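Data block for query-v5.txt (compact mmCIF, C-alpha atoms):
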```
# COMPACT_ATOMS: atom_id res chain seq x y z
CA MET A 556 -12.16 1.25 -108.69
CA ARG A 557 -14.58 1.76 -105.81
CA ALA A 558 -11.77 2.95 -103.54
CA ALA A 559 -10.72 5.53 -106.12
CA LEU A 560 -14.30 6.81 -106.43
CA LEU A 561 -14.64 7.00 -102.64
CA ALA A 562 -11.36 8.93 -102.35
CA LEU A 563 -12.49 11.29 -105.11
CA ALA A 564 -15.85 11.86 -103.38
CA LEU A 565 -14.12 12.62 -100.06
CA ALA A 566 -11.68 15.01 -101.70
CA ALA A 567 -14.48 16.82 -103.52
CA GLY A 568 -16.39 17.34 -100.27
CA ALA A 569 -13.43 18.62 -98.25
CA GLY A 570 -12.86 22.29 -97.78
CA CYS A 571 -11.42 25.02 -95.63
CA ILE A 572 -13.69 27.48 -93.88
CA SER A 573 -12.73 31.09 -93.29
CA GLU A 574 -15.67 33.38 -92.68
CA ARG A 575 -16.06 36.73 -90.97
CA MET A 576 -19.40 38.35 -90.25
CA GLY A 577 -20.49 41.55 -88.55
CA TYR A 578 -17.79 43.71 -87.00
CA ALA A 579 -15.08 41.11 -87.71
CA VAL A 580 -15.33 42.00 -91.41
CA ALA A 581 -14.27 45.64 -90.93
CA GLU A 582 -12.29 45.55 -87.70
CA GLU A 583 -9.26 47.19 -89.33
CA ALA A 584 -11.46 50.24 -89.98
CA ALA A 585 -12.05 51.01 -86.28
CA PRO A 586 -12.21 54.79 -85.94
CA THR A 587 -9.61 56.72 -83.96
CA GLY A 588 -9.40 60.33 -82.97
CA PRO A 589 -12.22 62.73 -82.15
CA VAL A 590 -14.95 61.17 -84.33
CA THR A 591 -18.68 61.32 -83.67
CA LEU A 592 -21.11 58.40 -83.43
CA ARG A 593 -22.44 59.29 -86.89
CA GLU A 594 -18.91 59.03 -88.37
CA ALA A 595 -18.33 55.70 -86.57
CA VAL A 596 -21.58 54.32 -88.01
CA ALA A 597 -20.48 55.48 -91.47
CA ALA A 598 -17.19 53.56 -91.05
CA LEU A 599 -18.46 50.38 -89.32
CA GLY A 600 -22.15 50.14 -90.18
CA ASN A 601 -24.98 49.99 -87.65
CA PRO A 602 -23.89 48.97 -84.14
CA THR A 603 -25.20 45.83 -82.48
CA SER A 604 -26.30 47.82 -79.43
CA VAL A 605 -26.39 51.45 -78.28
CA ARG A 606 -27.19 52.83 -74.83
CA ASP A 607 -27.16 56.22 -73.18
CA LEU A 608 -24.76 56.57 -70.25
CA PRO A 609 -26.01 57.97 -66.92
CA GLY A 610 -23.48 60.83 -66.83
CA GLY A 611 -24.19 61.83 -70.42
CA GLY A 612 -22.75 60.36 -73.56
CA THR A 613 -23.33 57.13 -75.43
CA GLU A 614 -21.88 53.63 -75.51
CA ALA A 615 -22.03 51.69 -78.80
CA VAL A 616 -20.97 48.08 -79.37
CA TRP A 617 -20.26 46.41 -82.71
CA ALA A 618 -20.11 42.59 -82.62
CA GLY A 619 -19.27 39.92 -85.16
CA THR A 620 -17.87 36.43 -85.54
CA ALA A 621 -14.79 34.90 -87.13
CA THR A 622 -14.90 31.20 -88.12
CA GLU A 623 -11.93 29.17 -89.31
CA GLY A 624 -11.20 25.49 -89.79
CA GLY A 625 -11.84 22.66 -92.18
CA ALA A 626 -14.48 20.00 -92.67
CA PHE A 627 -15.95 17.61 -95.16
CA ALA A 628 -19.21 15.73 -95.38
CA VAL A 629 -20.21 12.45 -96.97
CA SER A 630 -23.70 12.71 -98.43
CA PHE A 631 -25.84 11.12 -101.07
CA TRP A 632 -28.75 12.93 -102.73
CA GLY A 633 -28.80 15.61 -100.05
CA ILE A 634 -28.78 13.17 -97.13
CA GLN A 635 -25.71 13.77 -94.99
CA PHE A 636 -24.25 10.56 -93.58
CA VAL A 637 -21.19 11.86 -91.76
CA ARG A 638 -19.42 15.18 -91.27
CA LEU A 639 -15.81 15.17 -90.17
CA GLY A 640 -13.57 18.09 -89.36
CA ARG A 641 -13.08 20.89 -86.92
CA THR A 642 -14.08 24.52 -87.04
CA ALA A 643 -13.71 27.21 -84.40
CA THR A 644 -15.75 30.38 -84.03
CA ALA A 645 -14.71 33.40 -81.98
CA VAL A 646 -16.67 36.53 -81.13
CA ARG A 647 -15.01 39.78 -82.19
CA GLY A 648 -16.20 43.25 -81.37
CA ARG A 649 -15.41 46.86 -80.56
CA ARG A 650 -16.88 49.02 -77.76
CA LEU A 651 -16.81 52.78 -78.36
CA LEU A 652 -17.63 55.40 -75.72
CA PHE A 653 -18.76 58.86 -76.78
CA GLY A 654 -18.69 61.70 -74.24
CA ALA A 655 -21.43 64.23 -73.55
CA ASP A 656 -19.93 66.40 -76.32
CA GLY A 657 -20.60 63.58 -78.84
CA ARG A 658 -16.90 62.85 -79.52
CA LEU A 659 -15.12 59.50 -79.13
CA SER A 660 -13.64 59.23 -75.64
CA GLY A 661 -12.76 55.53 -75.39
CA SER A 662 -12.37 52.44 -77.57
CA TRP A 663 -11.42 48.85 -76.79
CA PRO A 664 -11.89 45.37 -78.28
CA VAL A 665 -14.59 43.03 -77.04
CA GLY A 666 -14.58 39.25 -77.49
CA GLU A 667 -12.42 36.20 -77.38
CA GLY A 668 -9.74 37.02 -79.94
CA GLU A 669 -8.83 34.94 -82.98
CA PRO A 670 -10.23 31.40 -83.24
CA LYS A 671 -7.68 28.76 -82.32
CA TRP A 672 -7.31 26.18 -85.05
CA GLY A 673 -4.71 23.68 -86.16
CA VAL A 674 -4.19 21.04 -88.81
CA LEU A 675 -5.42 18.20 -86.60
CA PRO A 676 -9.14 17.74 -87.33
CA PHE A 677 -10.18 16.25 -83.97
CA GLY A 678 -8.29 18.31 -81.41
CA SER A 679 -4.73 18.81 -80.30
CA ALA A 680 -2.09 16.11 -80.04
CA ARG A 681 -1.20 15.04 -76.50
```

Let me see the structure of the file written as structure tokens.
Amino acid sequence: MRAALLALALAAGAGCISERMGYAVAEEAAPTGPVTLREAVAALGNPTSVRDLPGGGTEAVWAGTATEGGAFAVSFWGIQFVRLGRTATAVRGRRLLFGADGRLSGSWPVGEGEPKWGVLPFGSAR
């Protein structure tokens, strides 16, 4: 009986994690073509950083994170005893360059790419 309750408690606490925040939420909406900074902000939200370029123009960077994996915790009355699992977080972003005329002149991704994750909770098999 106790083993069944323990297995039920472990199964209830287990879960998959898939979370995207910041730019990673709307990365499919990256603007293309001759858009202005105002139009890019309308599509992607406020950038993480903006700076003026020495030769004229502006550079804007949107950053975010993507987390994937799985984990579960054993706790009792809010006190966590053990947490098992594996999650991976990767930084995702987009750098946009706007020329002196205010139009988009360059765009490329910034970050590490997709988080690497597998079904093994403690690392890869060797």

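By chain and then residue number, the residues within 8 Å of A:Pro586 are Val590, Ala595 and Ala598 of chain A, counting all atoms listed in the file and disregarding those fewer than 3 positions away in sequence.
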
Selection: 12 Å around A:Arg593, all atoms listed in the file, excl. self and same-chain fewer than 3 positions, as a PyMOL selection string = chain A and resi 586+589-590+596-602+613+615+653+657-659

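Proximity of A:Leu639, A:Ala618, A:Ile634, A:Val629 to A:Val665, computed with all atoms listed in the file, is greatest for A:Ala618.
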
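Put simply, atom CA of A:Trp663 is 21.3 Å away from atom CA of A:Thr622.
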
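Ranking A:Arg649, A:Ala585, A:Gly640, A:Arg557 by their shortest atom-to-atom distance to A:Glu614, with only C-alpha atoms included, puts A:Arg649 first.
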
In Å to one decimal, how far is atom CA of A:Thr644 from atom CA of A:Arg575?
-> 9.4 Å

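For A:Val637, the set of protein, DNA and RNA residues having any atom at most 9 Å away, when counting only C-alpha atoms and skipping those fewer than 5 positions along the same chain, is Phe627, Ala628, Val629 and Ser630 of chain A.
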